[in-house]
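*Asks:* This one is entry_3.cif, mmCIF, C-alpha atoms and all ligand atoms.
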data_target
loop_
_atom_site.label_atom_id
_atom_site.label_comp_id
_atom_site.auth_asym_id
_atom_site.auth_seq_id
_atom_site.Cartn_x
_atom_site.Cartn_y
_atom_site.Cartn_z
CA MET Z 101 0.00 0.00 0.00
CA GLY Z 102 1.27 3.41 -0.90
CA ILE Z 103 0.56 6.69 -2.62
CA VAL Z 104 0.36 6.79 -6.40
CA VAL Z 105 0.20 9.94 -8.54
CA GLN Z 106 -0.96 9.49 -12.13
CA LYS Z 107 -1.07 12.29 -14.68
CA TYR Z 108 -3.16 12.16 -17.85
CA GLY Z 109 -2.38 14.61 -20.66
CA GLY Z 110 -4.83 16.34 -22.99
CA THR Z 111 -5.09 13.56 -25.60
CA SER Z 112 -5.59 11.00 -22.85
CA VAL Z 113 -8.78 12.70 -21.62
CA ALA Z 114 -9.95 14.04 -25.00
CA ASP Z 115 -13.28 12.17 -25.11
CA LYS Z 116 -15.66 10.02 -23.08
CA GLU Z 117 -14.03 6.72 -23.95
CA ARG Z 118 -10.55 7.98 -23.02
CA ILE Z 119 -11.76 9.49 -19.77
CA PHE Z 120 -13.23 6.13 -18.79
CA ARG Z 121 -10.04 4.33 -19.81
CA ALA Z 122 -8.01 6.63 -17.54
CA ALA Z 123 -10.61 6.31 -14.77
CA ARG Z 124 -10.34 2.52 -14.88
CA ARG Z 125 -6.56 2.68 -14.70
CA ALA Z 126 -6.76 4.90 -11.63
CA ILE Z 127 -9.31 2.57 -10.06
CA SER Z 128 -7.08 -0.46 -10.59
CA GLU Z 129 -4.37 1.22 -8.48
CA TYR Z 130 -7.01 2.09 -5.88
CA GLU Z 131 -8.18 -1.53 -5.84
CA LYS Z 132 -4.65 -2.57 -4.85
CA GLY Z 133 -5.16 -0.57 -1.66
CA ASN Z 134 -3.20 2.50 -2.75
CA LYS Z 135 -4.08 6.12 -2.17
CA VAL Z 136 -4.55 7.55 -5.65
CA VAL Z 137 -4.13 11.12 -6.91
CA VAL Z 138 -5.03 11.75 -10.54
CA VAL Z 139 -3.77 14.93 -12.22
CA VAL Z 140 -5.46 15.88 -15.48
CA SER Z 141 -4.82 18.35 -18.30
CA ALA Z 142 -7.40 20.19 -20.35
CA GLN Z 143 -9.10 17.99 -22.96
CA GLY Z 144 -7.52 17.77 -26.42
CA ASP Z 145 -6.81 21.19 -27.89
CA THR Z 146 -8.87 23.09 -25.32
CA THR Z 147 -5.97 25.28 -24.14
CA ASP Z 148 -5.14 26.34 -27.73
CA GLU Z 149 -8.81 27.05 -28.40
CA LEU Z 150 -9.05 29.21 -25.28
CA ILE Z 151 -5.97 31.17 -26.38
CA GLU Z 152 -7.62 31.71 -29.76
CA LYS Z 153 -10.84 32.88 -28.11
CA ALA Z 154 -8.86 35.41 -26.07
CA ARG Z 155 -7.10 36.74 -29.19
CA GLU Z 156 -10.45 37.38 -30.85
CA ILE Z 157 -11.32 39.76 -28.03
CA ASN Z 158 -7.93 41.30 -27.27
CA GLU Z 159 -4.64 40.53 -29.01
CA ASN Z 160 -2.66 41.62 -25.97
CA PRO Z 161 -4.62 40.58 -22.88
CA SER Z 162 -3.16 40.83 -19.38
CA LYS Z 163 -1.49 37.66 -18.19
CA ARG Z 164 -3.69 37.58 -15.10
CA GLU Z 165 -6.85 37.33 -17.20
CA MET Z 166 -5.20 34.78 -19.51
CA ASP Z 167 -4.54 32.57 -16.48
CA MET Z 168 -8.13 33.01 -15.33
CA LEU Z 169 -9.24 31.81 -18.76
CA LEU Z 170 -6.75 28.97 -19.35
CA SER Z 171 -7.25 27.41 -15.93
CA THR Z 172 -10.87 26.64 -16.88
CA GLY Z 173 -9.74 23.90 -19.31
CA GLU Z 174 -8.38 21.77 -16.48
CA GLN Z 175 -11.43 22.50 -14.33
CA ILE Z 176 -13.66 20.89 -16.95
CA SER Z 177 -11.42 17.81 -17.01
CA ILE Z 178 -11.38 17.24 -13.24
CA ALA Z 179 -15.16 17.39 -13.02
CA LEU Z 180 -15.63 14.99 -15.93
CA MET Z 181 -12.98 12.58 -14.62
CA ALA Z 182 -14.58 12.61 -11.16
CA MET Z 183 -18.01 11.94 -12.71
CA ALA Z 184 -16.58 8.97 -14.63
CA ILE Z 185 -15.05 7.49 -11.47
CA GLU Z 186 -18.33 8.11 -9.64
CA LYS Z 187 -20.20 6.35 -12.42
CA LEU Z 188 -17.90 3.34 -12.04
CA GLY Z 189 -18.91 3.22 -8.39
CA TYR Z 190 -15.85 4.55 -6.57
CA PRO Z 191 -15.50 7.40 -4.05
CA VAL Z 192 -13.89 10.42 -5.64
CA ILE Z 193 -13.48 14.16 -5.29
CA SER Z 194 -12.15 16.75 -7.72
CA LEU Z 195 -10.01 19.68 -6.56
CA THR Z 196 -8.82 22.75 -8.43
CA GLY Z 197 -5.22 23.89 -7.92
CA TRP Z 198 -6.06 26.18 -5.02
CA GLN Z 199 -8.31 23.62 -3.36
CA ALA Z 200 -5.39 21.20 -3.51
CA GLY Z 201 -3.20 23.76 -1.73
CA ILE Z 202 -0.89 24.52 -4.66
CA LYS Z 203 0.75 27.88 -3.94
CA THR Z 204 2.78 29.60 -6.63
CA ASP Z 205 4.73 32.81 -7.16
CA SER Z 206 3.02 35.62 -9.05
CA HIS Z 207 4.63 35.11 -12.43
CA TYR Z 208 1.31 34.86 -14.31
CA SER Z 209 1.38 32.43 -17.28
CA ASN Z 210 4.66 30.91 -16.13
CA ALA Z 211 4.36 30.59 -12.36
CA ARG Z 212 6.50 28.36 -10.19
CA ILE Z 213 5.10 26.23 -7.41
CA ILE Z 214 6.56 27.43 -4.11
CA GLU Z 215 4.68 25.30 -1.65
CA ILE Z 216 1.90 22.74 -1.40
CA ASP Z 217 -0.31 22.69 1.65
CA THR Z 218 -1.35 19.03 1.60
CA GLU Z 219 -3.83 19.14 4.46
CA ARG Z 220 -6.99 18.92 2.34
CA LEU Z 221 -5.41 16.36 0.02
CA GLN Z 222 -4.38 14.16 2.95
CA ARG Z 223 -7.81 14.44 4.49
CA GLU Z 224 -9.52 13.35 1.27
CA LEU Z 225 -7.06 10.49 0.77
CA ASP Z 226 -7.57 9.35 4.35
CA LYS Z 227 -11.32 9.22 3.67
CA ARG Z 228 -10.40 6.74 0.89
CA ASN Z 229 -11.36 9.11 -1.89
CA ILE Z 230 -9.62 9.03 -5.25
CA VAL Z 231 -8.52 12.67 -5.57
CA VAL Z 232 -8.59 14.29 -9.01
CA VAL Z 233 -6.49 17.47 -9.19
CA ALA Z 234 -6.44 20.11 -11.93
CA GLY Z 235 -2.99 20.28 -13.53
CA PHE Z 236 -1.19 23.42 -14.69
CA GLN Z 237 -2.65 25.77 -12.09
CA GLY Z 238 -2.15 27.20 -8.62
CA ILE Z 239 -2.87 30.27 -6.57
CA ASN Z 240 -0.57 33.18 -5.66
CA LYS Z 241 -0.34 35.35 -2.55
CA TYR Z 242 -3.05 37.67 -3.87
CA ASP Z 243 -5.46 34.70 -4.16
CA ASP Z 244 -5.26 34.96 -7.95
CA ILE Z 245 -5.23 31.89 -10.16
CA THR Z 246 -1.90 31.34 -11.92
CA THR Z 247 -0.79 28.83 -14.56
CA LEU Z 248 2.53 27.02 -14.75
CA GLY Z 249 3.48 27.45 -18.42
CA ARG Z 250 2.48 25.27 -21.38
CA GLY Z 251 2.79 21.60 -20.54
CA GLY Z 252 2.73 22.43 -16.83
CA SER Z 253 0.44 19.61 -15.71
CA ASP Z 254 3.48 17.32 -15.61
CA THR Z 255 4.95 19.67 -13.02
CA THR Z 256 1.75 19.60 -10.94
CA ALA Z 257 1.99 15.81 -10.84
CA VAL Z 258 5.64 15.72 -9.79
CA ALA Z 259 5.17 18.48 -7.20
CA LEU Z 260 2.24 16.57 -5.67
CA ALA Z 261 4.26 13.36 -5.68
CA ALA Z 262 7.06 15.18 -3.84
CA ALA Z 263 4.75 16.85 -1.32
CA LEU Z 264 2.87 13.63 -0.57
CA LYS Z 265 6.05 11.52 -0.61
CA ALA Z 266 4.37 9.31 -3.19
CA ASP Z 267 5.71 5.88 -4.01
CA LYS Z 268 5.04 6.21 -7.73
CA CYS Z 269 4.60 9.05 -10.24
CA GLU Z 270 3.32 7.99 -13.64
CA ILE Z 271 2.92 10.31 -16.61
CA TYR Z 272 0.36 8.94 -19.06
CA THR Z 273 0.50 10.46 -22.53
CA ASP Z 274 -0.10 9.69 -26.21
CA VAL Z 275 3.30 8.04 -26.84
CA ASP Z 276 4.51 5.01 -24.93
CA GLY Z 277 7.67 6.57 -23.60
CA VAL Z 278 10.57 8.89 -24.30
CA TYR Z 279 12.06 8.25 -27.73
CA THR Z 280 15.41 9.15 -29.29
CA ALA Z 281 13.47 11.85 -31.21
CA ASP Z 282 9.86 12.96 -31.55
CA PRO Z 283 8.27 9.89 -33.18
CA ARG Z 284 6.08 12.23 -35.22
CA ILE Z 285 9.23 13.54 -36.93
CA VAL Z 286 11.28 10.33 -36.91
CA PRO Z 287 8.89 7.38 -37.21
CA ASN Z 288 11.66 4.81 -36.61
CA ALA Z 289 12.99 6.50 -33.44
CA SER Z 290 13.86 4.09 -30.61
CA LYS Z 291 12.14 4.04 -27.27
CA LEU Z 292 14.50 4.58 -24.34
CA LYS Z 293 14.13 2.09 -21.52
CA GLU Z 294 15.53 4.67 -19.13
CA ILE Z 295 17.09 8.11 -19.19
CA SER Z 296 18.87 10.21 -16.57
CA TYR Z 297 17.27 13.31 -15.06
CA ASP Z 298 20.02 15.49 -16.55
CA GLU Z 299 19.57 14.24 -20.09
CA MET Z 300 15.79 14.39 -19.85
CA LEU Z 301 16.02 17.92 -18.49
CA GLU Z 302 18.14 18.97 -21.46
CA LEU Z 303 15.84 17.24 -23.96
CA ALA Z 304 12.75 18.85 -22.42
CA THR Z 305 14.37 22.28 -22.31
CA LEU Z 306 15.57 21.92 -25.90
CA GLY Z 307 12.09 21.24 -27.23
CA ALA Z 308 11.10 17.60 -26.55
CA LYS Z 309 7.74 18.46 -25.07
CA VAL Z 310 6.98 14.94 -23.84
CA LEU Z 311 7.78 16.26 -20.34
CA HIS Z 312 7.61 19.81 -18.97
CA ASN Z 313 11.21 20.72 -18.14
CA ARG Z 314 10.35 21.94 -14.65
CA SER Z 315 8.75 18.60 -13.83
CA VAL Z 316 12.10 16.94 -14.53
CA GLU Z 317 13.92 19.53 -12.43
CA LEU Z 318 11.62 18.78 -9.50
CA ALA Z 319 11.83 15.03 -9.98
CA LYS Z 320 15.62 15.29 -9.82
CA LYS Z 321 15.55 17.54 -6.77
CA TYR Z 322 13.33 15.18 -4.80
CA ASN Z 323 14.72 12.03 -6.42
CA ILE Z 324 11.34 10.84 -7.69
CA PRO Z 325 11.59 8.31 -10.51
CA LEU Z 326 9.13 9.22 -13.29
CA VAL Z 327 7.51 6.67 -15.53
CA VAL Z 328 6.35 7.94 -18.93
CA ARG Z 329 3.76 5.62 -20.49
CA SER Z 330 0.93 5.52 -22.95
CA SER Z 331 -2.61 5.78 -21.65
CA PHE Z 332 -3.76 3.72 -24.66
CA ASN Z 333 -1.89 0.48 -24.01
CA ASP Z 334 0.07 -1.44 -21.39
CA ASN Z 335 3.49 -1.17 -23.02
CA GLU Z 336 6.40 -0.68 -20.70
CA GLY Z 337 7.29 3.01 -20.64
CA THR Z 338 10.48 4.95 -20.00
CA ILE Z 339 11.90 5.51 -16.52
CA VAL Z 340 13.49 8.88 -15.82
CA LYS Z 341 15.85 8.46 -12.88
CA GLU Z 342 19.20 9.19 -11.29
CA VAL Z 343 22.21 9.15 -13.57
CA ASN Z 344 24.55 6.62 -11.99
CA SER Z 345 22.18 3.75 -12.60
CA VAL Z 346 21.70 4.65 -16.26
CA GLU Z 347 24.08 3.48 -18.95
CA LYS Z 348 25.78 6.45 -20.58
CA LEU Z 349 24.78 6.62 -24.22
CA LEU Z 350 26.85 8.71 -26.60
CA VAL Z 351 23.70 10.38 -27.87
CA SER Z 352 20.38 9.61 -26.28
CA GLY Z 353 18.18 11.98 -28.21
CA VAL Z 354 17.65 14.67 -30.80
CA ALA Z 355 15.35 17.59 -30.01
CA CYS Z 356 13.99 20.48 -31.99
CA ASP Z 357 12.67 23.87 -30.91
CA LYS Z 358 10.92 26.25 -33.27
CA ASP Z 359 9.87 28.70 -30.62
CA ILE Z 360 13.01 30.72 -31.13
CA ALA Z 361 14.15 33.94 -32.81
CA ARG Z 362 17.59 35.34 -33.61
CA VAL Z 363 18.47 38.96 -32.88
CA ALA Z 364 21.63 40.68 -34.12
CA VAL Z 365 23.04 43.93 -32.78
CA ILE Z 366 25.09 45.27 -35.68
CA GLY Z 367 28.06 47.60 -35.61
CA VAL Z 368 28.64 47.68 -31.86
CA GLU Z 369 31.67 49.75 -30.89
CA ASN Z 370 34.59 47.37 -30.21
CA VAL Z 371 35.33 48.44 -26.63
CA PRO Z 372 34.94 46.69 -23.25
CA GLY Z 373 31.52 46.63 -21.59
CA LYS Z 374 29.24 46.38 -24.63
CA ALA Z 375 28.07 42.81 -24.09
CA PHE Z 376 27.47 43.70 -20.45
CA GLN Z 377 25.32 46.67 -21.48
CA ILE Z 378 23.20 44.72 -23.95
CA PHE Z 379 22.56 41.71 -21.77
CA SER Z 380 21.91 43.63 -18.60
CA LEU Z 381 19.21 45.60 -20.44
CA LEU Z 382 17.58 42.28 -21.33
CA ALA Z 383 18.07 40.80 -17.87
CA LYS Z 384 16.26 43.78 -16.35
CA GLU Z 385 13.27 42.89 -18.53
CA ASN Z 386 13.48 39.25 -17.40
CA ILE Z 387 14.30 38.10 -20.94
CA ASN Z 388 16.16 34.82 -21.17
CA VAL Z 389 18.94 34.75 -23.75
CA ASP Z 390 20.07 31.47 -25.21
CA ILE Z 391 22.85 31.00 -27.81
CA ILE Z 392 25.19 34.01 -28.01
CA LEU Z 393 27.64 34.68 -30.82
CA GLN Z 394 30.03 37.60 -31.07
CA SER Z 395 31.89 38.21 -34.29
CA ILE Z 396 35.61 38.98 -34.22
CA GLY Z 397 35.93 42.74 -34.24
CA ARG Z 398 36.78 44.29 -37.59
CA GLU Z 399 37.82 47.92 -37.87
CA LYS Z 400 36.24 49.53 -34.85
CA THR Z 401 33.03 47.53 -34.59
CA LYS Z 402 31.68 44.04 -33.93
CA ASP Z 403 28.29 42.30 -34.19
CA ILE Z 404 26.61 40.48 -31.33
CA SER Z 405 23.86 37.96 -32.11
CA PHE Z 406 21.78 35.87 -29.76
CA THR Z 407 18.54 33.93 -29.57
CA VAL Z 408 15.42 34.49 -27.47
CA SER Z 409 12.07 32.73 -27.42
CA LYS Z 410 9.55 34.01 -29.97
CA SER Z 411 7.31 35.29 -27.21
CA ASN Z 412 10.14 37.57 -26.02
CA LEU Z 413 11.10 38.87 -29.46
CA LYS Z 414 8.97 42.00 -29.53
CA GLN Z 415 10.03 43.08 -26.05
CA THR Z 416 13.70 42.41 -26.93
CA LEU Z 417 13.52 44.55 -30.08
CA ASP Z 418 11.69 47.32 -28.22
CA VAL Z 419 14.21 47.59 -25.41
CA LEU Z 420 17.24 47.42 -27.70
CA THR Z 421 15.87 49.92 -30.21
CA LYS Z 422 15.02 52.31 -27.42
CA ASN Z 423 18.60 52.05 -26.16
CA LEU Z 424 20.42 51.95 -29.49
CA HIS Z 425 22.31 55.17 -28.75
CA VAL Z 426 23.30 53.94 -25.26
CA ILE Z 427 24.70 50.71 -26.68
CA GLY Z 428 26.36 52.60 -29.51
CA ALA Z 429 25.23 50.18 -32.23
CA LYS Z 430 24.29 50.88 -35.85
CA ASP Z 431 21.33 48.58 -36.30
CA ILE Z 432 19.23 45.77 -34.86
CA THR Z 433 18.11 42.94 -37.15
CA TYR Z 434 16.15 39.79 -36.40
CA ALA Z 435 14.89 36.53 -37.89
CA ASP Z 436 12.03 34.47 -36.54
CA ASN Z 437 12.14 31.73 -39.19
CA VAL Z 438 14.85 29.80 -37.37
CA ALA Z 439 14.92 26.56 -35.39
CA LYS Z 440 17.27 25.08 -32.86
CA VAL Z 441 18.19 21.43 -33.28
CA SER Z 442 20.12 19.72 -30.50
CA ILE Z 443 21.64 16.42 -29.52
CA VAL Z 444 21.84 15.32 -25.91
CA GLY Z 445 23.95 12.54 -24.43
CA ALA Z 446 25.78 11.96 -21.17
CA GLY Z 447 28.43 9.98 -23.03
CA MET Z 448 29.55 12.81 -25.30
CA VAL Z 449 31.79 14.38 -22.63
CA ASN Z 450 34.64 12.00 -23.41
CA ASN Z 451 34.01 11.68 -27.14
CA PRO Z 452 35.50 14.54 -29.12
CA GLY Z 453 34.13 13.34 -32.47
CA VAL Z 454 30.46 13.86 -31.69
CA ALA Z 455 30.17 17.49 -32.81
CA ALA Z 456 31.94 16.75 -36.09
CA MET Z 457 29.54 13.88 -36.76
CA MET Z 458 26.53 16.10 -36.14
CA PHE Z 459 27.88 18.82 -38.45
CA GLU Z 460 28.70 16.24 -41.12
CA ALA Z 461 25.09 15.02 -41.03
CA LEU Z 462 23.91 18.58 -41.63
CA TYR Z 463 26.48 19.13 -44.40
CA ASP Z 464 25.39 15.93 -46.15
CA ALA Z 465 21.79 17.15 -45.99
CA GLY Z 466 22.80 20.54 -47.42
CA ILE Z 467 21.76 22.41 -44.28
CA ASN Z 468 23.54 25.61 -43.29
CA ILE Z 469 24.44 26.21 -39.64
CA GLU Z 470 23.92 29.77 -38.40
CA MET Z 471 25.02 29.41 -34.78
CA ILE Z 472 26.45 26.70 -32.54
CA SER Z 473 26.42 26.22 -28.81
CA THR Z 474 27.71 23.36 -26.69
CA SER Z 475 27.81 22.17 -23.10
CA GLU Z 476 29.02 18.96 -21.48
CA ILE Z 477 26.02 16.90 -22.51
CA LYS Z 478 24.50 18.76 -25.45
CA ILE Z 479 25.26 20.41 -28.77
CA SER Z 480 22.78 22.83 -30.36
CA VAL Z 481 22.74 24.43 -33.79
CA LEU Z 482 20.57 27.19 -35.13
CA ILE Z 483 19.30 26.59 -38.66
CA ASP Z 484 16.55 27.70 -41.03
CA GLU Z 485 13.15 26.67 -39.70
CA LYS Z 486 12.19 25.01 -42.99
CA ASP Z 487 15.10 22.55 -42.57
CA ALA Z 488 14.23 21.57 -38.99
CA GLU Z 489 12.60 18.18 -39.58
CA LYS Z 490 15.11 17.24 -42.25
CA ALA Z 491 17.93 18.07 -39.83
CA VAL Z 492 16.45 16.00 -37.00
CA ARG Z 493 16.12 13.00 -39.33
CA ALA Z 494 19.62 13.41 -40.80
CA ILE Z 495 21.23 13.61 -37.35
CA HIS Z 496 19.15 10.72 -36.01
CA ASP Z 497 20.29 8.63 -39.00
CA LYS Z 498 23.93 9.63 -38.65
CA PHE Z 499 24.10 8.40 -35.06
CA LYS Z 500 22.08 5.30 -36.03
CA LEU Z 501 19.68 5.97 -33.18
CA HIS Z 502 17.02 3.78 -34.79
CA LEU Z 503 19.32 0.82 -34.01
CA LEU Z 504 19.77 1.80 -30.40
CA ASN Z 505 19.66 -1.26 -28.23
CA ASN Z 506 19.01 -0.12 -24.71
CA GLU Z 507 17.58 -3.30 -23.28
CA LYS Z 508 19.41 -4.32 -20.15
P1 LIG Z 601 0.38 15.40 -23.06
O1 LIG Z 601 -0.81 16.13 -23.58
O2 LIG Z 601 0.08 13.98 -22.68
O3 LIG Z 601 1.10 16.14 -21.99
P2 LIG Z 601 2.33 16.29 -25.01
O4 LIG Z 601 1.76 16.59 -26.36
O5 LIG Z 601 2.62 17.42 -24.11
O6 LIG Z 601 1.36 15.22 -24.31
O7 LIG Z 601 3.66 15.41 -25.15
C1 LIG Z 601 3.65 14.22 -25.90
C2 LIG Z 601 4.21 14.47 -27.29
O8 LIG Z 601 5.59 14.84 -27.18
C3 LIG Z 601 4.22 13.30 -28.20
O9 LIG Z 601 2.99 13.14 -28.87
C4 LIG Z 601 5.38 13.58 -29.15
O10 LIG Z 601 4.94 14.06 -30.40
C5 LIG Z 601 6.15 14.69 -28.45
N1 LIG Z 601 7.59 14.40 -28.33
C6 LIG Z 601 8.58 15.27 -28.61
N2 LIG Z 601 9.77 14.72 -28.41
C7 LIG Z 601 9.56 13.46 -27.96
C8 LIG Z 601 10.42 12.38 -27.57
N3 LIG Z 601 11.75 12.50 -27.59
N4 LIG Z 601 9.85 11.22 -27.17
C9 LIG Z 601 8.51 11.09 -27.13
N5 LIG Z 601 7.65 12.08 -27.50
C10 LIG Z 601 8.15 13.24 -27.91
N1 LIG Z 602 -3.37 22.36 -20.71
C1 LIG Z 602 -2.05 22.93 -20.59
C2 LIG Z 602 -1.39 23.02 -21.96
O1 LIG Z 602 -1.98 22.67 -22.95
C3 LIG Z 602 -1.19 22.21 -19.60
C4 LIG Z 602 -0.84 20.78 -19.97
O2 LIG Z 602 -1.46 20.17 -20.84
O3 LIG Z 602 0.08 20.24 -19.34
O4 LIG Z 602 -0.28 23.51 -22.05
MG MG Z 603 2.42 17.77 -22.09
#
Could I get this structure in the form of structure tokens?
Ligand code: ADP
Ligand code: ASP
Ligand code: MG
*Replies:*
Amino acid sequence: MGIVVQKYGGTSVADKERIFRAARRAISEYEKGNKVVVVVSAQGDTTDELIEKAREINENPSKREMDMLLSTGEQISIALMAMAIEKLGYPVISLTGWQAGIKTDSHYSNARIIEIDTERLQRELDKRNIVVVAGFQGINKYDDITTLGRGGSDTTAVALAAALKADKCEIYTDVDGVYTADPRIVPNASKLKEISYDEMLELATLGAKVLHNRSVELAKKYNIPLVVRSSFNDNEGTIVKEVNSVEKLLVSGVACDKDIARVAVIGVENVPGKAFQIFSLLAKENINVDIILQSIGREKTKDISFTVSKSNLKQTLDVLTKNLHVIGAKDITYADNVAKVSIVGAGMVNNPGVAAMMFEALYDAGINIEMISTSEIKISVLIDEKDAEKAVRAIHDKFKLHLLNNEK
């Protein structure tokens, strides 16, 4: 007997049949004598549809009101899931984020969970209720509803598992595990039996949306093994867990991120302090900068380019244009038709040939690299957005990831 947290994503609760399938799975854990918490996302494309509805009214709505709107998707799901479990004859209660005690900071649309008051949850579990909790939402110190960023229901599940000291945290989705690349882009990608927190965190951050990156961060912090499985079958999933028990693969995955834009500050005076000026302006606006490239100074000037997420592009251009004279630059240019393609692997640290192999794959496919960035366990390149899928496939092929044998 223990505590089990199960999370069902949007596709897994998209219609009546799927809701009942998830309900039965939750009940089978309950039948084993476990305390069961079920976290659900909004059904199907509900969140996207709500965003579209908002845009029809106001193309630049306040983030507080967006959170008020988007949180309703998950509220529909918890009620329907609870009704399904009720119908199957089991005791159940649904709770919104605030009812479940999920407290967040006030960063509307991208809030972080700071604390979970589990009193109500514990009480309901002690009464032998199955507890269905709305994913992706919490409440801040002003009693306002906040959301956790797209894909944030995974993080709700892991945070609840940590707070309740759960024995199991299972993420049910529409693929049966974590693959060496998005199976929608690379149909012959291999399923990973297991992957380390660090690699999964990189993959998630670099665009593999199968898990919300913050959920992996939390799982690592509290050492909670995550199981990623399909809600449509009983196939064995992927276990995300601590690194030392995972075999170090040279490359364990390829990820792709199209939510990215490149900004170039042209003709910056070639004197000390310029990079500091530019990036502190952006830091003040809370804008995250990713790959940075500075050209070798020629004559008396240099160019500094970097990437930001598409949602930060307008703000970035505004702040830099406003301060053009302060920075002492000639021009600001940008491109939003770019994509970042990355490889991740704990084994690449001691293998100097990996970057060359990745670049060769891109060369063979006739794809131009605009920027490069590396760290111990990842290499990213910025390329034209139209080449993104081709690049992922070429790199996946080059490293023969479809042949990956990761059975123990
Ligand atoms: P959910 O609604 O269940 O949270 P998501 O759509 O957020 O599901 O995440 C699952 C999707 O992630 C898959 O359908 C798949 O297309 C995509 N994906 C991207 N990269 C990977 C990967 N490396 N392995 C598995 N799925 C991936
Ligand atoms: N419904 C939210 C989204 O679509 C949260 C989630 O599904 O995890 O991003
Ligand atoms: Mg998701």
*Asks:* Got a sec: who's within 12 Å of Z:Arg250, counting all atoms listed in the file, leaving out chain neighbours fewer than 6 positions off, as an mmCIF file with C-alpha atoms, in the coordinates of the input?
*Replies:*
data_model
loop_
_atom_site.group_PDB
_atom_site.id
_atom_site.type_symbol
_atom_site.label_atom_id
_atom_site.label_comp_id
_atom_site.auth_asym_id
_atom_site.auth_seq_id
_atom_site.Cartn_x
_atom_site.Cartn_y
_atom_site.Cartn_z
ATOM 1 C CA GLY Z 109 -2.380 14.610 -20.660
ATOM 2 C CA GLY Z 110 -4.830 16.340 -22.990
ATOM 3 C CA SER Z 141 -4.820 18.350 -18.300
ATOM 4 C CA ALA Z 142 -7.400 20.190 -20.350
ATOM 5 C CA THR Z 147 -5.970 25.280 -24.140
ATOM 6 C CA ASP Z 148 -5.140 26.340 -27.730
ATOM 7 C CA ILE Z 151 -5.970 31.170 -26.380
ATOM 8 C CA ASP Z 167 -4.540 32.570 -16.480
ATOM 9 C CA LEU Z 170 -6.750 28.970 -19.350
ATOM 10 C CA SER Z 171 -7.250 27.410 -15.930
ATOM 11 C CA TYR Z 208 1.310 34.860 -14.310
ATOM 12 C CA SER Z 209 1.380 32.430 -17.280
ATOM 13 C CA ASN Z 210 4.660 30.910 -16.130
ATOM 14 C CA ALA Z 211 4.360 30.590 -12.360
ATOM 15 C CA GLY Z 235 -2.990 20.280 -13.530
ATOM 16 C CA PHE Z 236 -1.190 23.420 -14.690
ATOM 17 C CA GLN Z 237 -2.650 25.770 -12.090
ATOM 18 C CA THR Z 256 1.750 19.600 -10.940
ATOM 19 C CA GLY Z 307 12.090 21.240 -27.230
ATOM 20 C CA LYS Z 309 7.740 18.460 -25.070
ATOM 21 C CA VAL Z 310 6.980 14.940 -23.840
ATOM 22 C CA LEU Z 311 7.780 16.260 -20.340
ATOM 23 C CA HIS Z 312 7.610 19.810 -18.970
ATOM 24 C CA ASN Z 313 11.210 20.720 -18.140
ATOM 25 C CA ARG Z 314 10.350 21.940 -14.650
ATOM 26 C CA SER Z 315 8.750 18.600 -13.830
#
*Asks:* Counting all atoms listed in the file, note down every residue that has an atom within 8 Å of the point (22.1, 23.9, -29.9) (file coordinates), as a PyMOL selection string.
*Replies:* chain Z and resi 306+391+440-443+471-474+478-482
*Asks:* Please compute the atom CA of Z:Trp198-atom CA of Z:Phe120 distance, one decimal, in Å.
*Replies:*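 One can read the atom CA of Z:Trp198 to atom CA of Z:Phe120 distance as 25.4 Å.
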*Asks:* Counting only C-alpha atoms and all ligand atoms, what are the residues, protein, DNA or RNA alike, that approach ligand LIG 601 (chain Z) to within 10 Å? I want them as a ChimeraX atom specification.
*Replies:* /Z:107-114,140-145,250-254,271-286,289-292,300,303-304,306-312,328-331,338,352-357
*Asks:* Counting only C-alpha atoms, which of Z:Ser411, Z:Ser194, Z:Thr204, Z:Ser395 gets nearest to Z:Asn160?
*Replies:*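 Using only C-alpha atoms, Z:Asn160 sits closest to Z:Ser411.
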*Asks:* Looking at only C-alpha atoms, which of Z:Leu413, Z:Leu501, Z:Leu420, Z:Ala361 is the one that sits closest to Z:Asp436?
*Replies:*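 Ranked by minimum distance to Z:Asp436, first place goes to Z:Ala361.
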*Asks:* One number please: atom CA of Z:Ala266 to atom O2 of ligand LIG 602 (chain Z), in Å, one decimal.
*Replies:*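 Atom O2 of ligand LIG 602 (chain Z) lies 21.5 Å from atom CA of Z:Ala266.
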*Asks:* Do a neighbour search on Z:Met168 at 8 Å with only C-alpha atoms, toss out local chain neighbours closer than 3 positions, and write the hits as an MDAnalysis selection string.
*Replies:* chainID Z and resid 164:165 171:172 245:246
*Asks:* Please identify all polymer residues within 12 Å of stretch 124-126 of chain Z, counting all atoms listed in the file, omitting same-chain residues fewer than 6 positions from it, and present them as a PyMOL selection string.
*Replies:* chain Z and resi 103-108+112+117-118+132-140+181-182+184-192+229-232+270+272+330-334
*Asks:* One decimal, in Å: what's the spacing between atom CA of Z:Gly367 and atom CA of Z:Val389?
*Replies:*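 Computing the Euclidean distance for atom CA of Z:Gly367 and atom CA of Z:Val389 yields 19.7 Å.
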*Asks:* Given the point (23.9, 11.4, -23.9) in the file's coordinates, find the residues that have an atom at most 12 Å from it, counting all atoms listed in the file, and give them as a ChimeraX atom specification.
*Replies:* /Z:280,292,294-303,343,346-354,442-451,454,475-479,499,501
*Asks:* Fewer than 6 positions away in the same chain doesn't count, so skip those; otherwise give me all residues within 12 Å of Z:Gln377, counting only C-alpha atoms, as a ChimeraX atom specification.
*Replies:* /Z:365,368-369,371,383-384,404,419-420,423-429
